[in-house]
>>> print(open('entry_36.txt').read())   # compact mmCIF, C-alpha atoms and all ligand atoms
# COMPACT_ATOMS: atom_id res chain seq x y z
CA MET A 1 24.80 -1.59 6.28
CA ARG A 2 25.86 1.84 7.52
CA VAL A 3 23.02 4.24 6.80
CA ALA A 4 23.10 7.98 7.48
CA VAL A 5 19.92 10.04 7.77
CA ILE A 6 20.04 13.80 7.14
CA GLY A 7 17.30 15.72 8.95
CA VAL A 8 16.78 13.56 12.04
CA VAL A 9 15.01 16.31 13.97
CA GLY A 10 12.26 16.43 11.34
CA ARG A 11 8.98 14.54 11.22
CA LEU A 12 10.16 11.98 8.68
CA GLY A 13 13.75 11.91 9.97
CA ARG A 14 12.73 10.76 13.43
CA ALA A 15 10.44 8.06 12.00
CA LEU A 16 13.31 6.86 9.81
CA VAL A 17 15.74 6.60 12.72
CA GLN A 18 13.17 4.47 14.56
CA ALA A 19 12.54 2.23 11.52
CA LEU A 20 16.27 1.83 10.84
CA GLU A 21 16.97 0.96 14.48
CA ASP A 22 14.40 -1.85 14.11
CA ALA A 23 15.79 -3.01 10.75
CA PRO A 24 18.01 -6.12 10.79
CA PHE A 25 20.53 -4.75 8.29
CA THR A 26 21.76 -1.64 10.14
CA GLY A 27 23.64 -3.62 12.81
CA PRO A 28 23.77 -2.98 16.56
CA ARG A 29 24.93 0.64 16.18
CA GLY A 30 21.83 1.60 14.21
CA PRO A 31 21.77 4.51 11.78
CA ILE A 32 23.97 7.63 11.79
CA GLY A 33 21.87 10.77 12.36
CA TRP A 34 22.77 14.21 11.06
CA ASP A 35 21.03 17.56 11.41
CA GLN A 36 21.97 21.21 11.86
CA PRO A 37 24.63 22.42 12.53
CA GLU A 38 26.52 19.33 11.27
CA VAL A 39 24.71 19.54 7.93
CA GLU A 40 23.69 23.07 7.02
CA LEU A 41 21.81 23.21 3.72
CA ASP A 42 22.46 26.93 3.22
CA ALA A 43 26.22 26.36 2.90
CA LEU A 44 26.38 22.75 1.74
CA THR A 45 28.95 21.95 -0.98
CA ALA A 46 30.15 18.61 -2.33
CA ASP A 47 33.45 19.27 -0.51
CA SER A 48 31.89 20.17 2.85
CA ILE A 49 29.58 17.15 2.93
CA GLY A 50 32.44 15.04 1.55
CA VAL A 51 34.40 15.60 4.77
CA LEU A 52 31.50 14.15 6.79
CA LEU A 53 31.02 11.25 4.36
CA ASP A 54 34.73 10.39 4.50
CA ARG A 55 34.72 10.53 8.29
CA GLU A 56 31.57 8.43 8.87
CA ARG A 57 31.74 6.23 5.73
CA PRO A 58 28.03 5.45 5.26
CA GLU A 59 27.08 3.03 2.49
CA ALA A 60 23.71 4.75 2.03
CA VAL A 61 22.40 8.24 2.80
CA ILE A 62 18.74 9.20 3.17
CA HIS A 63 18.22 12.93 2.66
CA THR A 64 15.05 14.12 4.38
CA ALA A 65 16.12 17.64 5.41
CA ALA A 66 14.42 20.50 3.61
CA TRP A 67 12.94 23.93 4.13
CA THR A 68 9.34 22.70 4.30
CA ASP A 69 7.72 26.09 4.98
CA VAL A 70 6.19 26.45 1.50
CA ASP A 71 5.05 30.03 2.13
CA GLY A 72 8.54 30.92 3.40
CA CYS A 73 9.97 29.40 0.21
CA ALA A 74 7.59 31.56 -1.85
CA ARG A 75 8.78 34.67 -0.02
CA ASP A 76 12.45 33.83 -0.64
CA PRO A 77 12.71 31.64 -3.77
CA GLU A 78 16.49 32.06 -3.98
CA LEU A 79 17.05 30.67 -0.51
CA ALA A 80 14.51 27.91 -1.25
CA MET A 81 16.50 26.95 -4.35
CA ARG A 82 19.74 26.93 -2.35
CA ARG A 83 18.38 24.80 0.52
CA ASN A 84 16.01 22.50 -1.36
CA GLY A 85 17.58 22.45 -4.82
CA THR A 86 21.30 23.05 -5.32
CA ALA A 87 22.32 21.69 -1.88
CA VAL A 88 20.80 18.35 -2.91
CA GLY A 89 22.74 18.41 -6.18
CA GLU A 90 25.97 18.98 -4.23
CA LEU A 91 25.13 16.12 -1.86
CA ALA A 92 24.45 13.83 -4.83
CA VAL A 93 27.78 14.72 -6.48
CA ALA A 94 29.61 13.86 -3.23
CA CYS A 95 27.73 10.56 -2.77
CA ALA A 96 28.08 9.48 -6.42
CA ALA A 97 31.84 10.18 -6.32
CA ARG A 98 32.16 7.76 -3.39
CA GLY A 99 29.79 5.02 -4.61
CA ILE A 100 27.29 5.78 -1.84
CA ASP A 101 23.62 5.00 -2.49
CA LEU A 102 21.41 8.06 -1.95
CA ILE A 103 17.69 8.38 -1.33
CA VAL A 104 16.37 11.92 -1.80
CA VAL A 105 12.90 12.62 -0.39
CA SER A 106 10.82 14.68 -2.80
CA THR A 107 7.26 15.85 -3.18
CA ASN A 108 4.05 15.80 -5.21
CA GLU A 109 4.59 19.58 -5.57
CA VAL A 110 6.98 18.92 -8.48
CA PHE A 111 3.73 18.61 -10.51
CA ASP A 112 1.42 21.48 -11.39
CA GLY A 113 -1.72 19.71 -10.15
CA ARG A 114 -3.74 20.96 -13.12
CA ARG A 115 -4.73 17.63 -14.59
CA ALA A 116 -8.48 17.14 -14.57
CA ASP A 117 -8.77 13.52 -15.76
CA GLY A 118 -8.69 12.03 -12.25
CA ILE A 119 -5.54 10.02 -13.02
CA ALA A 120 -2.77 9.91 -10.43
CA TYR A 121 0.70 11.15 -11.40
CA LEU A 122 3.21 8.54 -12.55
CA PRO A 123 6.96 8.87 -11.85
CA GLU A 124 7.65 9.61 -15.52
CA ASP A 125 5.07 12.39 -15.87
CA PRO A 126 6.75 15.72 -16.66
CA ARG A 127 7.61 17.96 -13.73
CA ASN A 128 6.00 21.38 -13.89
CA PRO A 129 6.12 23.03 -10.47
CA ILE A 130 3.89 26.07 -9.84
CA ASN A 131 5.53 27.39 -6.67
CA PRO A 132 9.12 28.03 -5.48
CA TYR A 133 9.11 25.08 -3.06
CA GLY A 134 8.13 22.71 -5.88
CA ALA A 135 10.58 24.38 -8.28
CA ALA A 136 13.47 23.83 -5.87
CA LYS A 137 12.49 20.21 -5.19
CA ALA A 138 12.17 19.58 -8.95
CA GLU A 139 15.64 21.08 -9.48
CA ALA A 140 16.97 18.83 -6.69
CA GLU A 141 15.63 15.79 -8.58
CA ARG A 142 17.17 16.97 -11.85
CA LEU A 143 20.58 17.73 -10.31
CA ALA A 144 20.69 14.46 -8.33
CA ILE A 145 19.89 12.43 -11.47
CA ALA A 146 22.58 14.32 -13.41
CA ALA A 147 25.11 13.55 -10.66
CA TYR A 148 24.40 9.80 -10.81
CA GLU A 149 24.40 9.79 -14.62
CA ALA A 150 27.76 11.60 -14.84
CA PRO A 151 30.80 9.66 -16.06
CA GLY A 152 32.60 8.01 -13.14
CA ALA A 153 29.53 8.12 -10.87
CA ARG A 154 29.08 5.05 -8.67
CA GLY A 155 26.25 3.90 -6.42
CA ARG A 156 22.55 4.39 -7.09
CA LEU A 157 19.98 7.11 -6.53
CA GLY A 158 16.39 6.71 -5.41
CA ILE A 159 14.04 9.68 -5.51
CA ALA A 160 11.21 9.05 -3.06
CA ARG A 161 8.28 11.37 -3.76
CA THR A 162 5.57 11.59 -1.15
CA SER A 163 2.73 13.90 -0.06
CA TRP A 164 0.77 15.37 2.86
CA LEU A 165 2.98 14.03 5.66
CA TYR A 166 1.74 13.81 9.22
CA GLY A 167 2.81 11.93 12.34
CA PRO A 168 4.81 12.47 15.54
CA PRO A 169 5.67 14.97 16.96
CA GLY A 170 2.26 16.32 15.86
CA ASN A 171 1.32 19.92 15.13
CA ASP A 172 0.39 18.57 11.70
CA PHE A 173 -2.78 18.86 9.59
CA PRO A 174 -4.88 16.54 11.83
CA ALA A 175 -3.87 18.46 14.98
CA LYS A 176 -4.40 21.87 13.36
CA ILE A 177 -7.80 21.03 11.86
CA ALA A 178 -8.92 19.45 15.15
CA ARG A 179 -7.97 22.62 17.04
CA ALA A 180 -9.81 24.75 14.46
CA ALA A 181 -12.86 22.49 14.83
CA LEU A 182 -12.84 22.82 18.62
CA ARG A 183 -12.68 26.61 18.26
CA ALA A 184 -15.54 26.58 15.72
CA ARG A 185 -17.64 24.37 18.00
CA ASP A 186 -17.05 26.69 20.96
CA ALA A 187 -17.94 29.71 18.81
CA GLY A 188 -21.04 27.96 17.40
CA THR A 189 -19.86 28.39 13.81
CA PRO A 190 -19.31 25.79 11.07
CA LEU A 191 -15.80 24.69 10.12
CA GLN A 192 -14.74 25.67 6.60
CA VAL A 193 -12.91 22.83 4.84
CA VAL A 194 -11.12 22.89 1.47
CA ALA A 195 -12.83 20.56 -0.99
CA ASP A 196 -10.86 21.18 -4.20
CA GLU A 197 -7.34 20.23 -3.05
CA ILE A 198 -6.85 16.49 -3.50
CA GLY A 199 -3.89 14.41 -2.38
CA VAL A 200 -2.82 11.40 -0.34
CA PRO A 201 -2.31 11.82 3.42
CA THR A 202 0.80 9.83 4.32
CA TYR A 203 1.78 8.68 7.80
CA THR A 204 5.51 9.19 8.40
CA PRO A 205 6.12 5.82 10.17
CA ASP A 206 4.61 4.06 7.11
CA LEU A 207 6.76 6.09 4.72
CA ALA A 208 9.86 5.36 6.82
CA GLU A 209 9.13 1.64 6.67
CA ALA A 210 8.72 1.79 2.89
CA ILE A 211 12.06 3.58 2.49
CA VAL A 212 13.74 1.03 4.78
CA GLU A 213 12.17 -1.75 2.71
CA LEU A 214 13.72 -0.31 -0.47
CA LEU A 215 17.14 -0.15 1.19
CA GLY A 216 16.92 -3.60 2.77
CA ALA A 217 15.91 -5.20 -0.54
CA ASP A 218 18.69 -3.38 -2.41
CA ALA A 219 15.96 -1.76 -4.49
CA VAL A 220 16.96 1.92 -4.37
CA ALA A 221 17.07 1.55 -8.15
CA PRO A 222 16.60 -1.61 -10.25
CA ALA A 223 19.74 -3.67 -10.90
CA GLY A 224 21.73 -2.14 -13.74
CA GLU A 225 20.02 1.26 -13.45
CA ARG A 226 21.65 4.36 -11.99
CA TRP A 227 18.47 5.88 -10.58
CA ALA A 228 14.73 5.42 -10.07
CA ILE A 229 11.77 7.51 -8.96
CA HIS A 230 9.48 5.96 -6.33
CA HIS A 231 6.05 7.24 -5.32
CA LEU A 232 5.63 6.31 -1.65
CA VAL A 233 2.21 7.27 -0.31
CA ASN A 234 -0.51 5.59 1.69
CA GLY A 235 -3.39 4.07 -0.30
CA GLY A 236 -6.41 5.95 -1.65
CA ARG A 237 -6.85 9.69 -2.03
CA ALA A 238 -8.71 12.45 -0.21
CA SER A 239 -9.60 16.09 -0.38
CA ARG A 240 -8.53 18.25 2.55
CA ALA A 241 -12.26 18.26 3.44
CA ASP A 242 -12.43 14.43 3.43
CA TRP A 243 -9.38 14.30 5.66
CA ALA A 244 -10.78 16.96 8.01
CA ARG A 245 -14.10 15.11 8.31
CA GLU A 246 -12.25 11.85 9.07
CA VAL A 247 -10.32 13.63 11.83
CA LEU A 248 -13.56 14.98 13.32
CA ARG A 249 -15.28 11.58 13.03
CA VAL A 250 -12.59 9.57 14.81
CA LEU A 251 -12.12 12.23 17.50
CA GLY A 252 -15.89 12.59 17.97
CA ILE A 253 -15.85 16.38 17.45
CA ASP A 254 -19.38 17.33 16.53
CA VAL A 255 -19.28 20.47 14.37
CA PRO A 256 -20.89 21.16 10.98
CA THR A 257 -18.50 21.57 8.04
CA VAL A 258 -18.83 23.75 4.94
CA ASP A 259 -16.92 22.95 1.75
CA VAL A 260 -14.97 25.90 0.34
CA PRO A 261 -12.38 26.24 -2.44
CA ALA A 262 -8.68 26.57 -1.58
CA SER A 263 -8.81 30.10 -3.01
CA THR A 264 -10.89 31.14 0.03
CA TRP A 265 -7.62 31.83 1.83
CA GLN A 266 -4.94 33.97 0.24
CA ARG A 267 -1.60 32.18 0.55
CA VAL A 268 1.83 33.22 -0.62
CA SER A 269 2.42 29.75 -2.09
CA THR A 270 -0.04 28.10 -4.46
CA PRO A 271 -0.52 24.38 -3.77
CA PRO A 272 -1.18 22.03 -6.69
CA LEU A 273 -4.90 21.24 -6.52
CA TRP A 274 -4.53 17.71 -7.88
CA GLY A 275 -1.59 16.29 -5.93
CA VAL A 276 -2.29 12.57 -6.21
CA LEU A 277 0.77 10.33 -6.74
CA ALA A 278 0.26 6.81 -8.14
CA PRO A 279 2.10 4.52 -5.69
CA THR A 280 5.00 2.55 -7.17
CA PRO A 281 5.39 -1.13 -6.19
CA LEU A 282 7.48 -2.05 -3.16
CA PRO A 283 9.81 -5.07 -3.16
CA SER A 284 7.47 -7.09 -0.89
CA GLY A 285 4.60 -6.61 -3.35
CA GLU A 286 2.55 -5.29 -0.41
CA PRO A 287 1.21 -1.76 -1.00
CA MET A 288 1.27 0.80 1.80
CA ARG A 289 -2.00 0.61 3.74
CA ASP A 290 -4.99 2.85 2.99
CA TRP A 291 -4.69 6.38 4.41
CA ARG A 292 -7.74 5.94 6.68
CA GLU A 293 -6.28 2.79 8.22
CA ALA A 294 -2.95 4.54 8.73
CA PHE A 295 -4.66 7.54 10.28
CA ALA A 296 -6.50 5.31 12.80
CA HIS A 297 -3.08 4.25 14.03
CA ALA A 298 -2.10 7.89 14.65
CA VAL A 299 -5.19 8.76 16.69
CA PRO A 300 -4.05 7.84 20.23
CA VAL A 301 -1.02 10.17 19.95
CA LEU A 302 -3.24 12.88 18.44
CA ARG A 303 -5.70 12.58 21.34
CA ARG A 304 -2.86 13.00 23.83
CA GLU A 305 -1.54 16.02 21.95
CA LEU A 306 -4.98 17.67 21.99
CA GLY A 307 -5.68 16.65 25.57
CA ILE A 308 -8.96 14.93 24.65
CA GLY A 309 -9.72 11.47 26.04
N1 LIG B 401 5.65 17.77 5.13
C1 LIG B 401 5.03 17.34 4.04
O1 LIG B 401 3.79 17.35 3.93
C2 LIG B 401 5.85 16.83 2.88
C3 LIG B 401 5.18 16.41 1.72
C4 LIG B 401 5.93 15.90 0.66
C5 LIG B 401 7.32 15.82 0.78
N2 LIG B 401 7.93 16.27 1.89
C6 LIG B 401 9.40 16.16 1.99
O2 LIG B 401 9.69 15.20 2.98
C7 LIG B 401 10.92 15.53 3.65
C8 LIG B 401 10.70 15.48 5.14
O3 LIG B 401 9.70 16.44 5.49
P1 LIG B 401 9.30 16.65 7.02
O4 LIG B 401 7.83 16.97 7.02
O5 LIG B 401 9.84 15.56 7.86
O6 LIG B 401 10.09 18.01 7.32
P2 LIG B 401 10.30 18.77 8.70
O7 LIG B 401 9.58 18.10 9.81
O8 LIG B 401 10.04 20.22 8.42
O9 LIG B 401 11.85 18.56 8.97
C9 LIG B 401 12.79 19.17 8.14
C10 LIG B 401 14.18 18.81 8.58
O10 LIG B 401 15.08 19.58 7.76
C11 LIG B 401 15.96 20.28 8.61
N3 LIG B 401 16.30 21.57 8.02
C12 LIG B 401 15.48 22.60 7.71
N4 LIG B 401 16.16 23.64 7.21
C13 LIG B 401 17.46 23.24 7.18
C14 LIG B 401 18.67 23.87 6.80
N5 LIG B 401 18.68 25.11 6.29
N6 LIG B 401 19.83 23.18 6.92
C15 LIG B 401 19.84 21.92 7.44
N7 LIG B 401 18.72 21.29 7.85
C16 LIG B 401 17.56 21.93 7.72
C17 LIG B 401 15.20 20.48 9.89
O11 LIG B 401 16.11 20.72 10.93
P3 LIG B 401 15.75 21.81 12.07
O12 LIG B 401 14.48 21.37 12.70
O13 LIG B 401 16.94 21.76 12.96
O14 LIG B 401 15.59 23.11 11.32
C18 LIG B 401 14.50 19.14 10.03
O15 LIG B 401 15.38 18.16 10.54
C19 LIG B 401 11.35 16.87 3.06
O16 LIG B 401 12.30 16.64 2.06
C20 LIG B 401 10.09 17.44 2.45
O17 LIG B 401 10.38 18.31 1.38
C21 LIG B 401 7.24 16.76 2.95
>>> encode(input="entry_36.txt", output="structure tokens", more="lines below")
Ligand SMILES: NC(=O)c1ccc[n+]([C@@H]2O[C@H](COP(=O)([O-])OP(=O)(O)OC[C@H]3O[C@@H](n4cnc5c(N)ncnc54)[C@H](OP(=O)(O)O)[C@@H]3O)[C@@H](O)[C@H]2O)c1
Amino acid sequence: MRVAVIGVVGRLGRALVQALEDAPFTGPRGPIGWDQPEVELDALTADSIGVLLDRERPEAVIHTAAWTDVDGCARDPELAMRRNGTAVGELAVACAARGIDLIVVSTNEVFDGRRADGIAYLPEDPRNPINPYGAAKAEAERLAIAAYEAPGARGRLGIARTSWLYGPPGNDFPAKIARAALRARDAGTPLQVVADEIGVPTYTPDLAEAIVELLGADAVAPAGERWAIHHLVNGGRASRADWAREVLRVLGIDVPTVDVPASTWQRVSTPPLWGVLAPTPLPSGEPMRDWREAFAHAVPVLRRELGIG
């Protein structure tokens, strides 16, 4: 199967290329990788991406590229909507016109995070984004579904929502919180950690494998359906504080922590406080592993990045 990945320079994109190279169904040439300037979200139209699709003739496209700077998106909501919303709609129109399967990577930030019953979000729960990044990603979902539901559309759409990504090349939440902890330790002060933002840390190599599993099992959407929403996250849930303490524990950084609310820091973008996605079943029946187990796997690379043995 010829598979194209958009956003191969990104954290998830590079994990996907690796997972697709290892997959038996992509053939000896492996996946096709696209990034800027070949695919430029700011100017993407169904016609412009159509030229690339007609030239390379993929049977499936995985769209991971996005403007992931949520504060940047909040400062320029129009540009966020263009890059993360309407560009995805245009891509979907082009793919559906050619019978190409499309997987669009989306986010827990399509939900408002205000539910207080402790129940994880299901794919069918209503979208209600509370920041421009989430609004654009929600619009991308809506436009992509409309494209695959339109008369004459062929192929199938999978929307793969996920949350709290980390993994190579680093400079992610574990690396940032570890650096903050080292600074706090050196200064003799406690580390403030956010206790009221809850989500599911998700390791990009695990997410990439799950997406590849969906493709390999022809399960982008169920047979006879035009589209499906998947929730692909590691197992369990954590507050930012839980995650921070796990990072400190496995790295052996001895510094006291103090729980604080997310509102302690003024941010341009407001994150949903309850960002827990209920994982959807994978074709193998095997759920993605628990987030702590996944994180243990990431620790050697994190140690190298931080220069601690
Ligand atoms: N990060 C998270 O915690 C998180 C959580 C939930 C969902 N997601 C979603 O998961 C997907 C992958 O995220 P990630 O963390 O791997 O993102 P990332 O590391 O920030 O990578 C983003 C990719 O998008 C490309 N890109 C950015 N702006 C672009 C533009 N204007 N035109 C074309 N390409 C552009 C980047 O290319 P350059 O490097 O060349 O700019 C890069 O390849 C995204 O759809 C994101 O919304 C992320």
>>> residues_near_ligand(input="entry_36.txt", ligand="ligand LIG 401 (chain B)", cutoff="9 Å", atoms="all atoms listed in the file", output="ChimeraX atom specification")
/A:6-15,34-44,63-69,79,82-84,104-109,133-134,137,160-167,169,172-173,201-202,204
>>> residues_near_point(input="entry_36.txt", point="(19.7, 3.6, 11.5)", cutoff="10 Å", atoms="only C-alpha atoms", output="list in words")
Met1, Arg2, Val3, Ala4, Val5, Leu16, Val17, Gln18, Ala19, Leu20, Glu21, Asp22, Ala23, Pro24, Phe25, Thr26, Gly27, Pro28, Arg29, Gly30, Pro31, Ile32, Gly33 and Val212 of chain A
>>> atom_distance(input="entry_36.txt", atom1="CA of Leu282 (chain A)", atom2="CA of Arg226 (chain A)")
17.9 Å
>>> atom_distance(input="entry_36.txt", atom1="CA of Asn171 (chain A)", atom2="CA of Pro256 (chain A)")
22.6 Å
>>> atom_distance(input="entry_36.txt", atom1="CA of Asp112 (chain A)", atom2="CA of Pro261 (chain A)")
17.1 Å
>>> residues_around(input="entry_36.txt", residues="Ser263 (chain A)", least_positions_apart="6", cutoff="10 Å", atoms="only C-alpha atoms", output="ChimeraX atom specification")
/A:194,196-197,270
>>> closest_residue(input="entry_36.txt", among="A:Ile198, A:Ala96, A:Tyr121, A:Ala135", to="Ala153 (chain A)", atoms="all atoms listed in the file")
A:Ala96
>>> residues_around(input="entry_36.txt", residues="Arg304 (chain A)", least_positions_apart="5", cutoff="12 Å", atoms="all atoms listed in the file", output="VMD selection string")
chain A and resid 168 to 171 175 251 298 to 299 309
>>> residues_near_point(input="entry_36.txt", point="(24.7, 11.4, -12.3)", cutoff="12 Å", atoms="all atoms listed in the file", output="count of residues only")
34
>>> residues_around(input="entry_36.txt", residues="region 290-295 of chain A", least_positions_apart="3", cutoff="10 Å", atoms="all atoms listed in the file", output="ChimeraX atom specification")
/A:166-167,174,200-206,233-238,243,246-247,250,287,298-300,302
>>> residues_around(input="entry_36.txt", residues="Val110 (chain A)", least_positions_apart="4", cutoff="6 Å", atoms="only C-alpha atoms", output="PyMOL selection string")
chain A and resi 127+129+134+138
>>> closest_residue(input="entry_36.txt", among="A:Ala219, A:Ala195, A:Ala278, A:Ala210", to="Thr264 (chain A)", atoms="only C-alpha atoms")
A:Ala195
>>> closest_residue(input="entry_36.txt", among="A:Leu215, A:Leu273, A:Ile49, A:Ala178", to="Gly307 (chain A)", atoms="all atoms listed in the file")
A:Ala178
>>> closest_residue(input="entry_36.txt", among="A:Gly118, A:Pro132, A:Pro58, A:Gly50", to="Ser269 (chain A)", atoms="all atoms listed in the file")
A:Pro132
>>> closest_residue(input="entry_36.txt", among="A:Asn131, A:Ala241, A:Glu209, A:Gly252", to="Asp71 (chain A)", atoms="all atoms listed in the file")
A:Asn131
>>> closest_residue(input="entry_36.txt", among="A:Trp274, A:Ile130, A:Gly224, A:Val301", to="Asp117 (chain A)", atoms="only C-alpha atoms")
A:Trp274
>>> decode(input="entry_36.txt", residues="region 166-183 of chain A", atoms="C-alpha atoms", output="short mmCIF file (atom, residue, chain, number, x, y, z; two decimals), in the first residue's frame")
data_model
loop_
_atom_site.label_atom_id
_atom_site.label_comp_id
_atom_site.auth_asym_id
_atom_site.auth_seq_id
_atom_site.Cartn_x
_atom_site.Cartn_y
_atom_site.Cartn_z
CA TYR A 166 5.70 13.39 23.78
CA GLY A 167 8.61 11.45 22.30
CA PRO A 168 11.66 11.99 20.08
CA PRO A 169 13.13 14.47 19.28
CA GLY A 170 12.40 15.61 22.87
CA ASN A 171 11.95 19.16 24.13
CA ASP A 172 8.54 17.90 25.26
CA PHE A 173 6.72 18.05 28.61
CA PRO A 174 8.99 15.47 30.33
CA ALA A 175 12.15 17.31 29.20
CA LYS A 176 10.77 20.74 30.11
CA ILE A 177 9.52 19.71 33.56
CA ALA A 178 12.80 17.89 34.27
CA ARG A 179 14.77 21.03 33.40
CA ALA A 180 12.48 23.13 35.60
CA ALA A 181 12.98 20.62 38.44
CA LEU A 182 16.77 20.77 38.11
CA ARG A 183 16.60 24.58 38.26
#
